[in-house]
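my_file_10.txt (compact mmCIF, N, CA and C atoms) appears below.
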```txt
# COMPACT_ATOMS: atom_id res chain seq x y z
N MET A 1 -17.49 -111.33 153.99
CA MET A 1 -18.50 -110.76 153.12
C MET A 1 -18.36 -111.35 151.72
N LYS A 2 -19.48 -111.65 151.09
CA LYS A 2 -19.47 -112.25 149.76
C LYS A 2 -19.10 -111.23 148.70
N GLN A 3 -18.40 -111.72 147.68
CA GLN A 3 -18.08 -110.87 146.54
C GLN A 3 -19.30 -110.76 145.63
N ALA A 4 -19.27 -109.80 144.73
CA ALA A 4 -20.40 -109.56 143.83
C ALA A 4 -20.71 -110.79 142.99
N ASP A 5 -19.67 -111.50 142.50
CA ASP A 5 -19.90 -112.69 141.69
C ASP A 5 -20.64 -113.76 142.47
N GLU A 6 -20.26 -113.97 143.72
CA GLU A 6 -20.93 -114.97 144.55
C GLU A 6 -22.38 -114.58 144.82
N MET A 7 -22.63 -113.30 145.01
CA MET A 7 -23.99 -112.83 145.25
C MET A 7 -24.85 -113.03 144.00
N LEU A 8 -24.26 -112.77 142.82
CA LEU A 8 -24.98 -112.97 141.56
C LEU A 8 -25.31 -114.45 141.37
N VAL A 9 -24.36 -115.33 141.64
CA VAL A 9 -24.60 -116.77 141.52
C VAL A 9 -25.69 -117.21 142.48
N ASP A 10 -25.66 -116.73 143.71
CA ASP A 10 -26.71 -117.07 144.68
C ASP A 10 -28.08 -116.62 144.18
N TYR A 11 -28.16 -115.42 143.63
CA TYR A 11 -29.42 -114.91 143.10
C TYR A 11 -29.88 -115.76 141.91
N MET A 12 -28.96 -116.06 141.00
CA MET A 12 -29.32 -116.79 139.78
C MET A 12 -29.64 -118.27 140.07
N GLN A 13 -29.15 -118.81 141.15
CA GLN A 13 -29.51 -120.18 141.54
C GLN A 13 -31.02 -120.30 141.68
N LYS A 14 -31.64 -119.24 142.14
CA LYS A 14 -33.10 -119.23 142.30
C LYS A 14 -33.83 -119.23 140.96
N LEU A 15 -33.12 -118.88 139.88
CA LEU A 15 -33.72 -118.83 138.55
C LEU A 15 -33.58 -120.15 137.79
N LYS A 16 -32.96 -121.14 138.40
CA LYS A 16 -32.77 -122.42 137.73
C LYS A 16 -34.12 -122.99 137.29
N GLY A 17 -34.21 -123.32 135.99
CA GLY A 17 -35.45 -123.83 135.43
C GLY A 17 -36.34 -122.73 134.89
N GLU A 18 -36.02 -121.48 135.17
CA GLU A 18 -36.81 -120.33 134.69
C GLU A 18 -36.26 -119.85 133.35
N GLU A 19 -37.12 -119.20 132.57
CA GLU A 19 -36.72 -118.60 131.31
C GLU A 19 -36.13 -117.23 131.55
N VAL A 20 -35.01 -116.94 130.88
CA VAL A 20 -34.39 -115.62 130.98
C VAL A 20 -33.97 -115.14 129.59
N LEU A 21 -33.88 -113.85 129.44
CA LEU A 21 -33.32 -113.22 128.25
C LEU A 21 -31.99 -112.63 128.70
N VAL A 22 -30.92 -112.94 127.96
CA VAL A 22 -29.58 -112.50 128.33
C VAL A 22 -28.96 -111.71 127.18
N ILE A 23 -28.37 -110.58 127.51
CA ILE A 23 -27.63 -109.78 126.54
C ILE A 23 -26.19 -109.73 127.01
N THR A 24 -25.26 -110.02 126.08
CA THR A 24 -23.85 -110.03 126.44
C THR A 24 -23.13 -108.79 125.92
N ARG A 25 -21.91 -108.63 126.36
CA ARG A 25 -21.10 -107.44 126.11
C ARG A 25 -20.73 -107.22 124.65
N ALA A 26 -20.54 -108.25 123.87
CA ALA A 26 -20.09 -108.11 122.48
C ALA A 26 -21.09 -107.29 121.66
N VAL A 27 -20.58 -106.50 120.73
CA VAL A 27 -21.44 -105.72 119.85
C VAL A 27 -22.15 -106.66 118.88
N GLN A 28 -21.40 -107.64 118.36
CA GLN A 28 -21.99 -108.66 117.50
C GLN A 28 -21.16 -109.93 117.60
N LEU A 29 -21.79 -111.04 117.29
CA LEU A 29 -21.13 -112.34 117.32
C LEU A 29 -21.28 -112.99 115.95
N ASN A 30 -20.47 -114.00 115.69
CA ASN A 30 -20.52 -114.72 114.43
C ASN A 30 -20.60 -116.21 114.75
N LEU A 31 -21.61 -116.87 114.21
CA LEU A 31 -21.79 -118.30 114.41
C LEU A 31 -22.13 -118.93 113.07
N LEU A 32 -21.26 -119.79 112.60
CA LEU A 32 -21.46 -120.48 111.32
C LEU A 32 -21.73 -119.50 110.18
N GLY A 33 -21.01 -118.38 110.18
CA GLY A 33 -21.14 -117.40 109.12
C GLY A 33 -22.29 -116.42 109.29
N GLN A 34 -23.08 -116.57 110.33
CA GLN A 34 -24.20 -115.66 110.60
C GLN A 34 -23.77 -114.66 111.66
N VAL A 35 -23.86 -113.37 111.34
CA VAL A 35 -23.54 -112.33 112.29
C VAL A 35 -24.84 -111.93 113.00
N PHE A 36 -24.79 -111.81 114.31
CA PHE A 36 -26.01 -111.49 115.07
C PHE A 36 -25.67 -110.72 116.33
N ARG A 37 -26.67 -110.05 116.87
CA ARG A 37 -26.51 -109.35 118.14
C ARG A 37 -26.50 -110.38 119.27
N PRO A 38 -25.80 -110.10 120.34
CA PRO A 38 -25.65 -111.09 121.42
C PRO A 38 -26.86 -111.15 122.36
N ILE A 39 -27.99 -111.60 121.81
CA ILE A 39 -29.23 -111.71 122.60
C ILE A 39 -29.66 -113.18 122.61
N PHE A 40 -29.78 -113.74 123.79
CA PHE A 40 -30.11 -115.16 123.95
C PHE A 40 -31.30 -115.29 124.90
N ALA A 41 -32.14 -116.28 124.65
CA ALA A 41 -33.26 -116.55 125.54
C ALA A 41 -33.31 -118.06 125.78
N GLY A 42 -33.61 -118.45 126.99
CA GLY A 42 -33.71 -119.87 127.28
C GLY A 42 -33.88 -120.13 128.77
N LYS A 43 -33.95 -121.41 129.09
CA LYS A 43 -34.09 -121.81 130.49
C LYS A 43 -32.71 -121.96 131.13
N VAL A 44 -32.60 -121.47 132.34
CA VAL A 44 -31.36 -121.63 133.10
C VAL A 44 -31.25 -123.10 133.51
N SER A 45 -30.26 -123.79 132.96
CA SER A 45 -30.09 -125.20 133.29
C SER A 45 -28.98 -125.41 134.31
N ASP A 46 -28.04 -124.46 134.38
CA ASP A 46 -26.94 -124.60 135.33
C ASP A 46 -26.37 -123.21 135.62
N ILE A 47 -25.92 -123.02 136.84
CA ILE A 47 -25.26 -121.78 137.21
C ILE A 47 -24.10 -122.15 138.14
N GLN A 48 -22.93 -121.71 137.77
CA GLN A 48 -21.72 -121.95 138.55
C GLN A 48 -21.00 -120.63 138.71
N LEU A 49 -20.06 -120.58 139.63
CA LEU A 49 -19.25 -119.38 139.78
C LEU A 49 -18.47 -119.22 138.48
N GLY A 50 -18.80 -118.21 137.72
CA GLY A 50 -18.09 -117.96 136.47
C GLY A 50 -18.93 -118.09 135.22
N HIS A 51 -20.01 -118.88 135.24
CA HIS A 51 -20.83 -119.02 134.02
C HIS A 51 -22.27 -119.41 134.32
N LEU A 52 -23.11 -119.09 133.33
CA LEU A 52 -24.53 -119.42 133.33
C LEU A 52 -24.77 -120.29 132.10
N THR A 53 -25.50 -121.38 132.24
CA THR A 53 -25.80 -122.25 131.10
C THR A 53 -27.29 -122.23 130.82
N LEU A 54 -27.62 -121.99 129.54
CA LEU A 54 -29.01 -122.01 129.08
C LEU A 54 -29.23 -123.24 128.22
N SER A 55 -30.34 -123.94 128.45
CA SER A 55 -30.70 -125.09 127.62
C SER A 55 -32.18 -125.39 127.82
N PRO A 56 -32.96 -125.42 126.77
CA PRO A 56 -32.62 -125.05 125.40
C PRO A 56 -32.43 -123.54 125.32
N VAL A 57 -31.70 -123.11 124.29
CA VAL A 57 -31.41 -121.69 124.13
C VAL A 57 -31.80 -121.23 122.72
N ILE A 58 -32.41 -120.06 122.67
CA ILE A 58 -32.79 -119.46 121.40
C ILE A 58 -31.88 -118.27 121.17
N ILE A 59 -31.27 -118.23 119.99
CA ILE A 59 -30.44 -117.09 119.60
C ILE A 59 -31.32 -116.16 118.79
N LYS A 60 -31.42 -114.93 119.22
CA LYS A 60 -32.28 -113.95 118.55
C LYS A 60 -31.49 -113.32 117.39
N MET A 61 -31.69 -113.84 116.16
CA MET A 61 -31.04 -113.30 114.97
C MET A 61 -32.08 -112.59 114.11
N VAL A 62 -31.66 -111.56 113.38
CA VAL A 62 -32.59 -110.80 112.54
C VAL A 62 -33.30 -111.70 111.55
N ASN A 63 -32.55 -112.56 110.85
CA ASN A 63 -33.15 -113.41 109.82
C ASN A 63 -33.74 -114.71 110.37
N ALA A 64 -33.52 -115.01 111.63
CA ALA A 64 -34.09 -116.21 112.26
C ALA A 64 -34.27 -115.91 113.75
N PRO A 65 -35.29 -115.11 114.12
CA PRO A 65 -35.42 -114.65 115.51
C PRO A 65 -35.71 -115.75 116.54
N PHE A 66 -36.03 -116.95 116.08
CA PHE A 66 -36.33 -118.04 117.03
C PHE A 66 -35.44 -119.25 116.76
N TYR A 67 -34.18 -119.01 116.37
CA TYR A 67 -33.26 -120.11 116.08
C TYR A 67 -32.87 -120.81 117.37
N GLU A 68 -33.23 -122.07 117.48
CA GLU A 68 -32.89 -122.85 118.68
C GLU A 68 -31.54 -123.52 118.47
N PHE A 69 -30.57 -123.11 119.26
CA PHE A 69 -29.23 -123.67 119.19
C PHE A 69 -29.30 -125.12 119.66
N PRO A 70 -28.64 -126.06 118.95
CA PRO A 70 -28.80 -127.48 119.26
C PRO A 70 -28.09 -127.96 120.52
N LEU A 71 -27.27 -127.13 121.14
CA LEU A 71 -26.51 -127.53 122.33
C LEU A 71 -26.75 -126.53 123.46
N PRO A 72 -26.54 -126.95 124.70
CA PRO A 72 -26.59 -125.98 125.80
C PRO A 72 -25.52 -124.91 125.56
N LEU A 73 -25.77 -123.70 125.99
CA LEU A 73 -24.84 -122.60 125.77
C LEU A 73 -24.45 -122.01 127.12
N SER A 74 -23.15 -122.01 127.40
CA SER A 74 -22.63 -121.43 128.64
C SER A 74 -22.11 -120.03 128.35
N ILE A 75 -22.51 -119.09 129.17
CA ILE A 75 -22.14 -117.69 128.99
C ILE A 75 -21.36 -117.25 130.23
N PRO A 76 -20.14 -116.71 130.04
CA PRO A 76 -19.38 -116.22 131.19
C PRO A 76 -20.13 -115.08 131.88
N LEU A 77 -20.20 -115.12 133.19
CA LEU A 77 -20.93 -114.09 133.93
C LEU A 77 -20.39 -112.69 133.68
N GLU A 78 -19.07 -112.57 133.50
CA GLU A 78 -18.49 -111.24 133.29
C GLU A 78 -18.87 -110.65 131.93
N GLN A 79 -19.40 -111.47 131.02
CA GLN A 79 -19.83 -110.98 129.71
C GLN A 79 -21.30 -110.58 129.67
N ILE A 80 -22.06 -110.89 130.71
CA ILE A 80 -23.48 -110.55 130.75
C ILE A 80 -23.63 -109.09 131.18
N VAL A 81 -24.30 -108.29 130.31
CA VAL A 81 -24.53 -106.89 130.65
C VAL A 81 -25.95 -106.65 131.13
N ALA A 82 -26.89 -107.52 130.72
CA ALA A 82 -28.28 -107.38 131.15
C ALA A 82 -28.98 -108.73 131.04
N PHE A 83 -29.96 -108.94 131.92
CA PHE A 83 -30.81 -110.13 131.80
C PHE A 83 -32.18 -109.78 132.38
N SER A 84 -33.18 -110.53 131.89
CA SER A 84 -34.55 -110.28 132.35
C SER A 84 -35.32 -111.59 132.40
N THR A 85 -36.18 -111.69 133.38
CA THR A 85 -37.08 -112.85 133.46
C THR A 85 -38.47 -112.46 132.96
N GLU A 86 -38.62 -111.21 132.54
CA GLU A 86 -39.93 -110.68 132.15
C GLU A 86 -40.25 -110.84 130.67
N ILE A 87 -39.27 -111.22 129.84
CA ILE A 87 -39.49 -111.32 128.39
C ILE A 87 -39.44 -112.78 127.99
N PRO A 88 -40.58 -113.37 127.55
CA PRO A 88 -40.59 -114.77 127.15
C PRO A 88 -39.79 -115.00 125.86
N SER A 89 -39.22 -116.19 125.72
CA SER A 89 -38.37 -116.48 124.57
C SER A 89 -39.15 -116.51 123.26
N ASP A 90 -40.46 -116.68 123.31
CA ASP A 90 -41.24 -116.71 122.07
C ASP A 90 -41.79 -115.33 121.69
N MET A 91 -41.38 -114.31 122.40
CA MET A 91 -41.83 -112.95 122.09
C MET A 91 -40.99 -112.39 120.96
N ALA A 92 -41.65 -111.82 119.95
CA ALA A 92 -40.97 -111.17 118.84
C ALA A 92 -40.74 -109.69 119.18
N PHE A 93 -39.54 -109.19 118.90
CA PHE A 93 -39.24 -107.78 119.08
C PHE A 93 -38.18 -107.38 118.05
N PRO A 94 -38.11 -106.11 117.67
CA PRO A 94 -37.16 -105.68 116.63
C PRO A 94 -35.72 -105.83 117.10
N LEU A 95 -34.87 -106.32 116.21
CA LEU A 95 -33.46 -106.54 116.54
C LEU A 95 -32.54 -105.61 115.78
N THR A 96 -33.08 -104.74 114.97
CA THR A 96 -32.21 -103.85 114.18
C THR A 96 -32.12 -102.48 114.78
```
Hey, can you dump this file as structure tokens for me?
Amino acid sequence: MKQADEMLVDYMQKLKGEEVLVITRAVQLNLLGQVFRPIFAGKVSDIQLGHLTLSPVIIKMVNAPFYEFPLPLSIPLEQIVAFSTEIPSDMAFPLT
């Protein structure tokens, strides 16, 4: 019988090339001195046992809600608390 991680990877393999919104476990993150909530949107470019890679990826920050990170971003699967394919990356929503 497959473990939960393997089942999640199998499911997410079908999302390759699709846009997803991902929320991670951290309350807040810090990148280059900018503190932001862990909300990312982008296309699934790779999925492996243990991580999901988004490229291009948009980091949803209060002061720059459409900041496109210049590199692919890999997120450990165990840090993902929620994801959705229903919210487009160009959609504006309140982050505070």
Worksheet item: atom CA of Val57 of chain A and atom CA of Leu73 of chain A, how far apart in Å?
Response: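 According to the coordinates, atom CA of Leu73 of chain A and atom CA of Val57 of chain A are separated by 6.8 Å.
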Worksheet entry | Between atom CA of Arg37 of chain A and atom CA of Ser84 of chain A - distance in Å to one decimal | 16.4 Å
Worksheet item: segment 16-32 of chain A: which residues within 6.5 Å, counting only N, CA and C atoms, same-chain residues fewer than 2 positions away excluded, as a list in words?
Response: Met12, Gln13, Lys14, Gln34, Val35, Phe36, Arg37, Pro38, Ile39, Phe40, Ala41, Gly42, Lys43, Val44, Ser45, Asp46, Gln79, Ile80, Val81, Ala82, Phe83, Ser84, Thr85, Glu86 and Ile87 of chain A
Item to complete: May I ask for the distance between atom CA of Leu77 of chain A and atom CA of His51 of chain A, given in Å to one decimal place?
Response: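 Separation between atom CA of Leu77 of chain A and atom CA of His51 of chain A: 4.9 Å.
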Worksheet item: Running DSSP on the backbone, which parts of chain A land in helix (DSSP H, G or I), as a PyMOL selection string?
Response: chain A and resi 4-13+77-79
Fill in: Top pick for closest residue to Pro70 of chain A, considering A:Pro94, A:Met7, A:Ile47, A:Pro56 and counting all atoms listed in the file
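Among the listed residues, the smallest separation from Pro70 of chain A belongs to A:Pro56.
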Worksheet entry | Counting all atoms listed in the file, the residue of A:Pro76, A:Leu71, A:Pro65, A:Gly33 that sits nearest Asp90 of chain A | A:Pro65
Item to complete: Would you please give, as number ranges by chain, all residues of chain A that DSSP assigns to strand (DSSP E or B) based on the backbone?
Response: A: 19-24, 29-31, 34-36, 39-48, 51-59, 67-69, 73-76, 80-84
Give me segment 16-27 of chain A with all heavy atoms filled in, as a CSV table (one decimal), in the frame of the given file.
```csv
chain,number,residue,atom,x,y,z
A,16,LYS,N,-33.0,-121.1,138.4
A,16,LYS,CA,-32.8,-122.4,137.7
A,16,LYS,C,-34.1,-123.0,137.3
A,16,LYS,O,-35.1,-123.1,138.1
A,16,LYS,CB,-32.1,-123.4,138.7
A,16,LYS,CG,-31.2,-124.4,138.0
A,16,LYS,CD,-30.4,-125.2,139.0
A,16,LYS,CE,-29.3,-125.9,138.2
A,16,LYS,NZ,-28.5,-126.6,139.1
A,17,GLY,N,-34.2,-123.3,136.0
A,17,GLY,CA,-35.4,-123.8,135.4
A,17,GLY,C,-36.3,-122.7,134.9
A,17,GLY,O,-37.3,-123.0,134.2
A,18,GLU,N,-36.0,-121.5,135.2
A,18,GLU,CA,-36.8,-120.3,134.7
A,18,GLU,C,-36.3,-119.8,133.4
A,18,GLU,O,-35.1,-120.0,133.0
A,18,GLU,CB,-36.7,-119.2,135.7
A,18,GLU,CG,-37.3,-119.5,137.0
A,18,GLU,CD,-38.8,-119.6,137.0
A,18,GLU,OE1,-39.5,-118.9,136.3
A,18,GLU,OE2,-39.3,-120.5,137.7
A,19,GLU,N,-37.1,-119.2,132.6
A,19,GLU,CA,-36.7,-118.6,131.3
A,19,GLU,C,-36.1,-117.2,131.6
A,19,GLU,O,-36.7,-116.4,132.3
A,19,GLU,CB,-37.9,-118.5,130.4
A,19,GLU,CG,-37.8,-119.3,129.2
A,19,GLU,CD,-39.0,-119.1,128.2
A,19,GLU,OE1,-39.4,-117.9,128.0
A,19,GLU,OE2,-39.5,-120.1,127.7
A,20,VAL,N,-35.0,-116.9,130.9
A,20,VAL,CA,-34.4,-115.6,131.0
A,20,VAL,C,-34.0,-115.1,129.6
A,20,VAL,O,-33.7,-115.9,128.7
A,20,VAL,CB,-33.1,-115.6,131.9
A,20,VAL,CG1,-33.5,-115.9,133.3
A,20,VAL,CG2,-32.1,-116.5,131.4
A,21,LEU,N,-33.9,-113.8,129.4
A,21,LEU,CA,-33.3,-113.2,128.2
A,21,LEU,C,-32.0,-112.6,128.7
A,21,LEU,O,-31.9,-111.9,129.7
A,21,LEU,CB,-34.2,-112.1,127.7
A,21,LEU,CG,-33.7,-111.4,126.5
A,21,LEU,CD1,-34.2,-112.1,125.3
A,21,LEU,CD2,-34.2,-110.0,126.5
A,22,VAL,N,-30.9,-112.9,128.0
A,22,VAL,CA,-29.6,-112.5,128.3
A,22,VAL,C,-29.0,-111.7,127.2
A,22,VAL,O,-29.0,-112.1,126.0
A,22,VAL,CB,-28.7,-113.7,128.6
A,22,VAL,CG1,-27.2,-113.3,128.9
A,22,VAL,CG2,-29.2,-114.5,129.8
A,23,ILE,N,-28.4,-110.6,127.5
A,23,ILE,CA,-27.6,-109.8,126.5
A,23,ILE,C,-26.2,-109.7,127.0
A,23,ILE,O,-25.9,-109.4,128.2
A,23,ILE,CB,-28.2,-108.4,126.4
A,23,ILE,CG1,-29.7,-108.4,126.0
A,23,ILE,CG2,-27.4,-107.5,125.4
A,23,ILE,CD1,-30.4,-107.1,126.1
A,24,THR,N,-25.3,-110.0,126.1
A,24,THR,CA,-23.8,-110.0,126.4
A,24,THR,C,-23.1,-108.8,125.9
A,24,THR,O,-23.7,-108.0,125.1
A,24,THR,CB,-23.1,-111.3,125.9
A,24,THR,OG1,-23.2,-111.3,124.5
A,24,THR,CG2,-23.8,-112.6,126.5
A,25,ARG,N,-21.9,-108.6,126.4
A,25,ARG,CA,-21.1,-107.4,126.1
A,25,ARG,C,-20.7,-107.2,124.6
A,25,ARG,O,-20.6,-106.1,124.2
A,25,ARG,CB,-19.8,-107.5,126.9
A,25,ARG,CG,-18.9,-106.3,126.9
A,25,ARG,CD,-17.7,-106.5,127.8
A,25,ARG,NE,-18.0,-107.0,129.1
A,25,ARG,CZ,-18.5,-106.3,130.2
A,25,ARG,NH1,-18.7,-105.0,130.0
A,25,ARG,NH2,-18.7,-106.9,131.3
A,26,ALA,N,-20.5,-108.2,123.9
A,26,ALA,CA,-20.1,-108.1,122.5
A,26,ALA,C,-21.1,-107.3,121.7
A,26,ALA,O,-22.3,-107.4,121.9
A,26,ALA,CB,-19.9,-109.5,121.8
A,27,VAL,N,-20.6,-106.5,120.7
A,27,VAL,CA,-21.4,-105.7,119.8
A,27,VAL,C,-22.2,-106.7,118.9
A,27,VAL,O,-23.3,-106.5,118.6
A,27,VAL,CB,-20.6,-104.7,119.1
A,27,VAL,CG1,-21.5,-103.9,118.0
A,27,VAL,CG2,-20.0,-103.7,120.0
```
